[in-house]
$ cat protein-v5.tsv   # TSV, N, CA and C atoms
chain	number	residue	atom	x	y	z
A	1	MET	N	202.74	-0.22	-75.81
A	1	MET	CA	203.74	-1.16	-76.23
A	1	MET	C	203.36	-2.55	-75.80
A	2	GLY	N	202.55	-3.05	-75.18
A	2	GLY	CA	202.30	-4.46	-74.91
A	2	GLY	C	203.42	-5.10	-74.11
A	3	ASN	N	203.08	-6.14	-73.43
A	3	ASN	CA	204.03	-6.83	-72.58
A	3	ASN	C	205.10	-7.50	-73.41
A	4	ILE	N	206.36	-7.25	-73.10
A	4	ILE	CA	207.46	-7.78	-73.93
A	4	ILE	C	207.99	-9.11	-73.42
A	5	THR	N	207.32	-9.70	-72.46
A	5	THR	CA	207.78	-10.99	-71.95
A	5	THR	C	207.89	-12.01	-73.07
A	6	SER	N	206.95	-12.00	-73.98
A	6	SER	CA	206.95	-13.00	-75.05
A	6	SER	C	208.09	-12.81	-76.02
A	7	MET	N	208.79	-11.69	-75.96
A	7	MET	CA	209.87	-11.42	-76.89
A	7	MET	C	211.22	-11.80	-76.32
A	8	THR	N	211.27	-12.50	-75.24
A	8	THR	CA	212.55	-12.85	-74.64
A	8	THR	C	213.35	-13.73	-75.58
A	9	ALA	N	214.65	-13.55	-75.53
A	9	ALA	CA	215.53	-14.23	-76.48
A	9	ALA	C	215.73	-15.70	-76.13
A	10	ASN	N	215.83	-16.02	-74.85
A	10	ASN	CA	216.21	-17.37	-74.47
A	10	ASN	C	215.41	-17.77	-73.25
A	11	LYS	N	214.29	-18.44	-73.45
A	11	LYS	CA	213.43	-18.79	-72.34
A	11	LYS	C	213.96	-20.00	-71.59
A	12	SER	N	214.72	-20.84	-72.23
A	12	SER	CA	215.27	-22.00	-71.55
A	12	SER	C	216.64	-21.64	-71.01
A	13	GLY	N	217.13	-22.44	-70.10
A	13	GLY	CA	218.45	-22.18	-69.55
A	13	GLY	C	218.38	-21.12	-68.47
A	14	LYS	N	219.51	-20.55	-68.20
A	14	LYS	CA	219.64	-19.61	-67.10
A	14	LYS	C	220.43	-18.40	-67.56
A	15	ALA	N	219.99	-17.23	-67.17
A	15	ALA	CA	220.75	-16.03	-67.46
A	15	ALA	C	222.08	-16.11	-66.71
A	16	PRO	N	223.13	-15.51	-67.25
A	16	PRO	CA	224.43	-15.55	-66.56
A	16	PRO	C	224.34	-14.97	-65.14
A	17	GLU	N	225.09	-15.56	-64.24
A	17	GLU	CA	225.09	-15.12	-62.84
A	17	GLU	C	225.42	-13.64	-62.72
A	18	ARG	N	226.36	-13.18	-63.51
A	18	ARG	CA	226.75	-11.75	-63.46
A	18	ARG	C	225.55	-10.86	-63.78
A	19	PHE	N	224.75	-11.26	-64.75
A	19	PHE	CA	223.55	-10.51	-65.12
A	19	PHE	C	222.57	-10.49	-63.95
A	20	ILE	N	222.32	-11.67	-63.37
A	20	ILE	CA	221.37	-11.78	-62.26
A	20	ILE	C	221.84	-10.94	-61.07
A	21	ARG	N	223.14	-11.02	-60.74
A	21	ARG	CA	223.68	-10.23	-59.62
A	21	ARG	C	223.52	-8.74	-59.85
A	22	LEU	N	223.83	-8.28	-61.07
A	22	LEU	CA	223.71	-6.85	-61.39
A	22	LEU	C	222.26	-6.40	-61.28
A	23	LEU	N	221.35	-7.20	-61.79
A	23	LEU	CA	219.93	-6.87	-61.73
A	23	LEU	C	219.45	-6.80	-60.28
A	24	LYS	N	219.80	-7.79	-59.48
A	24	LYS	CA	219.40	-7.80	-58.06
A	24	LYS	C	219.99	-6.62	-57.31
A	25	LYS	N	221.26	-6.31	-57.58
A	25	LYS	CA	221.93	-5.19	-56.92
A	25	LYS	C	221.24	-3.87	-57.27
A	26	ALA	N	220.93	-3.69	-58.55
A	26	ALA	CA	220.28	-2.45	-58.98
A	26	ALA	C	218.89	-2.32	-58.35
A	27	MET	N	218.20	-3.42	-58.21
A	27	MET	CA	216.87	-3.37	-57.58
A	27	MET	C	217.01	-3.01	-56.09
A	28	ALA	N	217.98	-3.62	-55.43
A	28	ALA	CA	218.17	-3.37	-54.00
A	28	ALA	C	218.63	-1.95	-53.72
A	29	GLU	N	219.41	-1.37	-54.64
A	29	GLU	CA	219.98	-0.04	-54.42
A	29	GLU	C	219.18	1.08	-55.06
A	30	HIS	N	218.07	0.75	-55.72
A	30	HIS	CA	217.27	1.79	-56.37
A	30	HIS	C	216.75	2.77	-55.31
A	31	PRO	N	216.85	4.07	-55.57
A	31	PRO	CA	216.44	5.05	-54.56
A	31	PRO	C	214.97	4.92	-54.13
A	32	GLU	N	214.13	4.43	-55.00
A	32	GLU	CA	212.71	4.27	-54.66
A	32	GLU	C	212.41	2.93	-54.00
A	33	LYS	N	213.44	2.07	-53.87
A	33	LYS	CA	213.25	0.73	-53.28
A	33	LYS	C	212.04	0.03	-53.90
A	34	LEU	N	212.08	-0.09	-55.22
A	34	LEU	CA	210.98	-0.68	-55.97
A	34	LEU	C	210.81	-2.16	-55.67
A	35	SER	N	209.57	-2.57	-55.59
A	35	SER	CA	209.28	-4.00	-55.42
A	35	SER	C	209.45	-4.70	-56.76
A	36	LEU	N	209.49	-6.00	-56.73
A	36	LEU	CA	209.57	-6.78	-57.96
A	36	LEU	C	208.40	-6.43	-58.87
A	37	ASN	N	207.20	-6.32	-58.32
A	37	ASN	CA	206.02	-5.99	-59.12
A	37	ASN	C	206.15	-4.61	-59.76
A	38	GLN	N	206.69	-3.65	-59.01
A	38	GLN	CA	206.86	-2.30	-59.56
A	38	GLN	C	207.89	-2.28	-60.69
A	39	VAL	N	208.99	-2.97	-60.49
A	39	VAL	CA	210.02	-3.04	-61.54
A	39	VAL	C	209.42	-3.69	-62.78
A	40	ALA	N	208.74	-4.81	-62.58
A	40	ALA	CA	208.15	-5.54	-63.71
A	40	ALA	C	207.17	-4.64	-64.46
A	41	ARG	N	206.28	-3.98	-63.73
A	41	ARG	CA	205.28	-3.13	-64.38
A	41	ARG	C	205.95	-2.00	-65.17
A	42	ARG	N	206.92	-1.33	-64.56
A	42	ARG	CA	207.59	-0.21	-65.23
A	42	ARG	C	208.42	-0.66	-66.43
A	43	ALA	N	208.93	-1.88	-66.37
A	43	ALA	CA	209.73	-2.42	-67.47
A	43	ALA	C	208.88	-3.17	-68.50
A	44	ASP	N	207.58	-3.19	-68.29
A	44	ASP	CA	206.64	-3.85	-69.20
A	44	ASP	C	206.91	-5.35	-69.29
A	45	LEU	N	207.21	-5.95	-68.13
A	45	LEU	CA	207.41	-7.39	-68.01
A	45	LEU	C	206.38	-7.95	-67.04
A	46	SER	N	206.12	-9.22	-67.11
A	46	SER	CA	205.23	-9.80	-66.12
A	46	SER	C	206.03	-10.03	-64.84
A	47	PRO	N	205.40	-9.86	-63.68
A	47	PRO	CA	206.11	-10.13	-62.42
A	47	PRO	C	206.62	-11.57	-62.35
A	48	ALA	N	205.84	-12.51	-62.87
A	48	ALA	CA	206.26	-13.92	-62.85
A	48	ALA	C	207.54	-14.10	-63.67
A	49	TYR	N	207.59	-13.48	-64.84
A	49	TYR	CA	208.78	-13.59	-65.68
A	49	TYR	C	210.00	-13.02	-64.96
A	50	LEU	N	209.84	-11.82	-64.37
A	50	LEU	CA	210.97	-11.19	-63.67
A	50	LEU	C	211.42	-12.06	-62.50
A	51	SER	N	210.49	-12.65	-61.80
A	51	SER	CA	210.83	-13.55	-60.70
A	51	SER	C	211.61	-14.76	-61.22
A	52	PHE	N	211.14	-15.36	-62.29
A	52	PHE	CA	211.85	-16.50	-62.89
A	52	PHE	C	213.26	-16.08	-63.29
A	53	LEU	N	213.39	-14.91	-63.89
A	53	LEU	CA	214.69	-14.41	-64.34
A	53	LEU	C	215.64	-14.25	-63.15
A	54	LEU	N	215.15	-13.61	-62.09
A	54	LEU	CA	215.98	-13.37	-60.90
A	54	LEU	C	216.36	-14.66	-60.18
A	55	ASN	N	215.55	-15.68	-60.34
A	55	ASN	CA	215.83	-16.96	-59.70
A	55	ASN	C	216.58	-17.93	-60.61
A	56	GLY	N	217.06	-17.43	-61.75
A	56	GLY	CA	217.86	-18.26	-62.65
A	56	GLY	C	217.06	-19.30	-63.39
A	57	GLU	N	215.76	-19.05	-63.55
A	57	GLU	CA	214.90	-20.01	-64.24
A	57	GLU	C	214.56	-19.58	-65.67
A	58	ARG	N	215.21	-18.54	-66.15
A	58	ARG	CA	215.04	-18.07	-67.52
A	58	ARG	C	216.40	-17.61	-68.04
A	59	GLY	N	216.53	-17.69	-69.35
A	59	GLY	CA	217.74	-17.18	-69.98
A	59	GLY	C	217.71	-15.66	-70.04
A	60	ALA	N	218.77	-15.08	-70.53
A	60	ALA	CA	218.84	-13.62	-70.66
A	60	ALA	C	217.70	-13.12	-71.54
A	61	PRO	N	217.07	-12.03	-71.16
A	61	PRO	CA	215.94	-11.52	-71.95
A	61	PRO	C	216.39	-10.85	-73.24
A	62	SER	N	215.40	-10.43	-74.00
A	62	SER	CA	215.66	-9.72	-75.26
A	62	SER	C	216.34	-8.39	-74.99
A	63	ASN	N	216.94	-7.83	-76.02
A	63	ASN	CA	217.56	-6.51	-75.88
A	63	ASN	C	216.54	-5.46	-75.50
A	64	GLU	N	215.33	-5.59	-75.99
A	64	GLU	CA	214.27	-4.62	-75.64
A	64	GLU	C	213.98	-4.68	-74.15
A	65	ALA	N	213.85	-5.89	-73.60
A	65	ALA	CA	213.58	-6.05	-72.17
A	65	ALA	C	214.76	-5.54	-71.35
A	66	ILE	N	215.97	-5.84	-71.81
A	66	ILE	CA	217.17	-5.37	-71.11
A	66	ILE	C	217.20	-3.84	-71.08
A	67	ALA	N	216.90	-3.20	-72.20
A	67	ALA	CA	216.89	-1.73	-72.26
A	67	ALA	C	215.85	-1.16	-71.30
A	68	GLN	N	214.70	-1.80	-71.22
A	68	GLN	CA	213.65	-1.33	-70.30
A	68	GLN	C	214.12	-1.46	-68.85
A	69	LEU	N	214.74	-2.58	-68.51
A	69	LEU	CA	215.23	-2.78	-67.14
A	69	LEU	C	216.32	-1.77	-66.81
A	70	GLU	N	217.22	-1.51	-67.75
A	70	GLU	CA	218.27	-0.50	-67.52
A	70	GLU	C	217.64	0.86	-67.24
A	71	LYS	N	216.64	1.21	-68.01
A	71	LYS	CA	215.98	2.51	-67.84
A	71	LYS	C	215.29	2.60	-66.48
A	72	VAL	N	214.53	1.58	-66.13
A	72	VAL	CA	213.78	1.58	-64.87
A	72	VAL	C	214.71	1.61	-63.67
A	73	LEU	N	215.82	0.87	-63.76
A	73	LEU	CA	216.71	0.71	-62.61
A	73	LEU	C	217.93	1.64	-62.64
A	74	ASN	N	217.95	2.58	-63.58
A	74	ASN	CA	219.05	3.54	-63.70
A	74	ASN	C	220.40	2.86	-63.87
A	75	ILE	N	220.43	1.81	-64.66
A	75	ILE	CA	221.67	1.11	-64.97
A	75	ILE	C	222.23	1.72	-66.25
A	76	PRO	N	223.51	2.06	-66.29
A	76	PRO	CA	224.07	2.65	-67.52
A	76	PRO	C	223.78	1.78	-68.74
A	77	GLN	N	223.44	2.45	-69.83
A	77	GLN	CA	223.08	1.75	-71.06
A	77	GLN	C	224.19	0.78	-71.48
A	78	GLY	N	223.80	-0.45	-71.76
A	78	GLY	CA	224.72	-1.45	-72.25
A	78	GLY	C	225.30	-2.35	-71.15
A	79	GLU	N	225.17	-1.95	-69.89
A	79	GLU	CA	225.77	-2.73	-68.80
A	79	GLU	C	225.09	-4.09	-68.64
A	80	LEU	N	223.76	-4.13	-68.75
A	80	LEU	CA	223.07	-5.42	-68.62
A	80	LEU	C	223.37	-6.32	-69.81
A	81	ASN	N	223.46	-5.73	-71.01
A	81	ASN	CA	223.83	-6.53	-72.19
A	81	ASN	C	225.20	-7.17	-71.97
A	82	LYS	N	226.13	-6.35	-71.49
A	82	LYS	CA	227.48	-6.85	-71.25
A	82	LYS	C	227.45	-7.98	-70.22
A	83	ALA	N	226.69	-7.79	-69.14
A	83	ALA	CA	226.60	-8.81	-68.09
A	83	ALA	C	225.91	-10.07	-68.61
A	84	ALA	N	225.00	-9.90	-69.57
A	84	ALA	CA	224.29	-11.04	-70.15
A	84	ALA	C	225.10	-11.72	-71.24
A	85	GLY	N	226.20	-11.09	-71.64
A	85	GLY	CA	227.02	-11.65	-72.72
A	85	GLY	C	226.36	-11.52	-74.07
A	86	LYS	N	225.55	-10.45	-74.22
A	86	LYS	CA	224.82	-10.22	-75.47
A	86	LYS	C	225.23	-8.90	-76.10
A	87	PRO	N	225.37	-8.85	-77.41
A	87	PRO	CA	225.63	-7.56	-78.05
A	87	PRO	C	224.40	-6.67	-77.95
A	88	ASP	N	224.62	-5.37	-77.78
A	88	ASP	CA	223.49	-4.46	-77.73
A	88	ASP	C	223.03	-4.14	-79.15
A	89	ASP	N	221.98	-3.34	-79.27
A	89	ASP	CA	221.42	-3.05	-80.59
A	89	ASP	C	222.40	-2.33	-81.51
A	90	ALA	N	223.24	-1.46	-80.94
A	90	ALA	CA	224.23	-0.75	-81.76
A	90	ALA	C	225.23	-1.75	-82.36
A	91	ALA	N	225.66	-2.70	-81.56
A	91	ALA	CA	226.59	-3.72	-82.06
A	91	ALA	C	225.92	-4.58	-83.13
A	92	LEU	N	224.68	-4.95	-82.89
A	92	LEU	CA	223.95	-5.76	-83.87
A	92	LEU	C	223.79	-5.01	-85.19
A	93	ALA	N	223.52	-3.71	-85.09
A	93	ALA	CA	223.39	-2.90	-86.31
A	93	ALA	C	224.71	-2.88	-87.08
A	94	PHE	N	225.82	-2.79	-86.35
A	94	PHE	CA	227.14	-2.82	-87.00
A	94	PHE	C	227.36	-4.16	-87.69
A	95	PHE	N	227.06	-5.26	-87.00
A	95	PHE	CA	227.29	-6.60	-87.56
A	95	PHE	C	226.49	-6.83	-88.83
A	96	ARG	N	225.38	-6.13	-88.97
A	96	ARG	CA	224.54	-6.29	-90.17
A	96	ARG	C	225.08	-5.54	-91.39
A	97	LYS	N	226.02	-4.65	-91.16
A	97	LYS	CA	226.60	-3.89	-92.27
A	97	LYS	C	227.45	-4.81	-93.14
A	98	GLU	N	227.39	-4.57	-94.44
A	98	GLU	CA	228.13	-5.40	-95.39
A	98	GLU	C	229.63	-5.37	-95.13
A	99	GLU	N	230.15	-4.22	-94.71
A	99	GLU	CA	231.59	-4.07	-94.49
A	99	GLU	C	232.06	-4.66	-93.16
A	100	ALA	N	231.16	-5.09	-92.32
A	100	ALA	CA	231.53	-5.55	-90.97
A	100	ALA	C	232.34	-6.84	-90.99
A	101	ALA	N	232.00	-7.77	-91.86
A	101	ALA	CA	232.67	-9.08	-91.85
A	101	ALA	C	234.18	-8.97	-92.02
A	102	PRO	N	234.69	-8.22	-93.01
A	102	PRO	CA	236.15	-8.14	-93.12
A	102	PRO	C	236.80	-7.42	-91.93
A	103	ILE	N	236.08	-6.47	-91.34
A	103	ILE	CA	236.63	-5.77	-90.17
A	103	ILE	C	236.74	-6.75	-89.01
A	104	ILE	N	235.70	-7.53	-88.79
A	104	ILE	CA	235.71	-8.51	-87.70
A	104	ILE	C	236.82	-9.54	-87.93
A	105	LYS	N	236.97	-9.99	-89.17
A	105	LYS	CA	238.03	-10.97	-89.48
A	105	LYS	C	239.41	-10.39	-89.18
A	106	THR	N	239.60	-9.13	-89.49
A	106	THR	CA	240.87	-8.46	-89.20
A	106	THR	C	241.08	-8.36	-87.69
A	107	LEU	N	240.05	-7.97	-86.98
A	107	LEU	CA	240.16	-7.83	-85.52
A	107	LEU	C	240.38	-9.17	-84.83
A	108	ALA	N	239.94	-10.25	-85.44
A	108	ALA	CA	240.12	-11.57	-84.85
A	108	ALA	C	241.59	-11.92	-84.68
A	109	ASP	N	242.44	-11.31	-85.48
A	109	ASP	CA	243.89	-11.59	-85.41
A	109	ASP	C	244.61	-10.75	-84.35
A	110	VAL	N	243.90	-9.80	-83.76
A	110	VAL	CA	244.52	-8.94	-82.75
A	110	VAL	C	244.61	-9.72	-81.43
A	111	PRO	N	245.80	-9.79	-80.83
A	111	PRO	CA	245.92	-10.49	-79.55
A	111	PRO	C	245.07	-9.82	-78.47
A	112	ASN	N	244.53	-10.64	-77.56
A	112	ASN	CA	243.65	-10.12	-76.51
A	112	ASN	C	244.24	-8.94	-75.76
A	113	GLY	N	245.49	-8.99	-75.45
A	113	GLY	CA	246.12	-7.91	-74.71
A	113	GLY	C	246.21	-6.60	-75.47
A	114	LYS	N	245.97	-6.63	-76.76
A	114	LYS	CA	246.10	-5.43	-77.59
A	114	LYS	C	244.74	-4.86	-78.04
A	115	LEU	N	243.66	-5.54	-77.72
A	115	LEU	CA	242.34	-5.07	-78.16
A	115	LEU	C	242.00	-3.68	-77.62
A	116	ALA	N	242.37	-3.40	-76.39
A	116	ALA	CA	242.10	-2.08	-75.82
A	116	ALA	C	242.82	-0.99	-76.62
A	117	ASP	N	244.05	-1.27	-77.05
A	117	ASP	CA	244.79	-0.30	-77.86
A	117	ASP	C	244.11	-0.06	-79.20
A	118	VAL	N	243.64	-1.13	-79.82
A	118	VAL	CA	242.95	-1.01	-81.11
A	118	VAL	C	241.66	-0.20	-80.93
A	119	ARG	N	240.94	-0.47	-79.85
A	119	ARG	CA	239.71	0.27	-79.58
A	119	ARG	C	240.00	1.76	-79.45
A	120	LYS	N	241.07	2.13	-78.73
A	120	LYS	CA	241.43	3.54	-78.58
A	120	LYS	C	241.74	4.17	-79.93
A	121	LEU	N	242.46	3.45	-80.78
A	121	LEU	CA	242.77	3.96	-82.11
A	121	LEU	C	241.50	4.21	-82.92
A	122	ILE	N	240.58	3.27	-82.85
A	122	ILE	CA	239.31	3.41	-83.58
A	122	ILE	C	238.52	4.60	-83.05
A	123	GLU	N	238.47	4.74	-81.72
A	123	GLU	CA	237.73	5.86	-81.12
A	123	GLU	C	238.33	7.20	-81.53
A	124	ARG	N	239.67	7.28	-81.55
A	124	ARG	CA	240.33	8.51	-82.00
A	124	ARG	C	239.99	8.82	-83.45
A	125	TYR	N	240.04	7.79	-84.28
A	125	TYR	CA	239.71	7.96	-85.69
A	125	TYR	C	238.29	8.51	-85.85
A	126	ILE	N	237.35	7.94	-85.13
A	126	ILE	CA	235.95	8.37	-85.23
A	126	ILE	C	235.79	9.81	-84.75
A	127	ARG	N	236.47	10.17	-83.65
A	127	ARG	CA	236.39	11.56	-83.18
A	127	ARG	C	236.91	12.53	-84.23
A	128	ARG	N	238.04	12.19	-84.87
A	128	ARG	CA	238.59	13.06	-85.91
A	128	ARG	C	237.63	13.19	-87.09
A	129	GLN	N	237.02	12.06	-87.49
A	129	GLN	CA	236.09	12.10	-88.60
A	129	GLN	C	234.84	12.92	-88.29
A	130	ASN	N	234.41	12.87	-87.03
A	130	ASN	CA	233.22	13.63	-86.63
A	130	ASN	C	233.48	15.13	-86.57
A	131	ARG	N	234.75	15.53	-86.42
A	131	ARG	CA	235.10	16.95	-86.40
A	131	ARG	C	235.13	17.57	-87.78
A	132	LYS	N	235.27	16.72	-88.79
A	132	LYS	CA	235.39	17.23	-90.17
A	132	LYS	C	234.07	17.73	-90.69
$ encode --input "protein-v5.tsv" --output "structure tokens"
Amino acid sequence: MGNITSMTANKSGKAPERFIRLLKKAMAEHPEKLSLNQVARRADLSPAYLSFLLNGERGAPSNEAIAQLEKVLNIPQGELNKAAGKPDDAALAFFRKEEAAPIIKTLADVPNGKLADVRKLIERYIRRQNRK
């Protein structure tokens, strides 16, 4: 697969603090106590890039790099995307669907306090459809 450092989404700016904290915490708590170099190698990133990222000198990486870091550091799938404020690949695939725009427009009218209820309704609907 080649080094994915060049595929980072936002090289300028700084990754969100929440993302950096989660990444540092996962590295510190990893059962193998991996070094920065080991994490970088296993995630197919350059050690310099990972260092820049951890020091807030790079923006949030690409979804591919995020997925690799989640895998290497045993972070639940999607948690780093959420911390980075980026949609994951499944969300991006949904947004590309032709029918997504009217659904998003409809959801935009849902008050923030009610979004969790709407999500539960959608999840129930999907479970019922999958049983058929």
$ select_by_dssp --input "protein-v5.tsv" --residues "segment 1-119 of chain A" --states "alpha helix (DSSP H)" --output "count of residues only"
66
$ closest_residue --input "protein-v5.tsv" --among "A:Leu54, A:Ile103, A:Ala43, A:Ala91" --to "Gln68 of chain A" --atoms "all atoms listed in the file"
A:Ala43
$ closest_residue --input "protein-v5.tsv" --among "A:Ala26, A:Arg18, A:Ala48, A:Arg131" --to "Asn81 of chain A" --atoms "only C-alpha atoms"
A:Arg18
$ atom_distance --input "protein-v5.tsv" --atom1 "atom CA of Asn55 of chain A" --atom2 "atom CA of Ile20 of chain A"
8.0 Å
$ closest_residue --input "protein-v5.tsv" --among "A:Lys71, A:Ser51, A:Lys82, A:Asn130" --to "Leu36 of chain A" --atoms "all atoms listed in the file"
A:Ser51
$ closest_residue --input "protein-v5.tsv" --among "A:Arg41, A:Lys14, A:His30, A:Lys24" --to "Leu73 of chain A" --atoms "only N, CA and C atoms"
A:His30
$ atom_distance --input "protein-v5.tsv" --atom1 "atom C of Ala65 of chain A" --atom2 "atom C of Lys97 of chain A"
25.2 Å
$ atom_distance --input "protein-v5.tsv" --atom1 "atom CA of Tyr49 of chain A" --atom2 "atom C of Asp89 of chain A"
23.7 Å
$ axis_aligned_box --input "protein-v5.tsv" --around "segment 122-132 of chain A" --padding-each-side "8 Å" --output "lines of an AutoDock Vina configuration file"
center_x = 236.9
center_y = 10.5
center_z = -85.9
size_x = 23.4
size_y = 30.5
size_z = 25.6
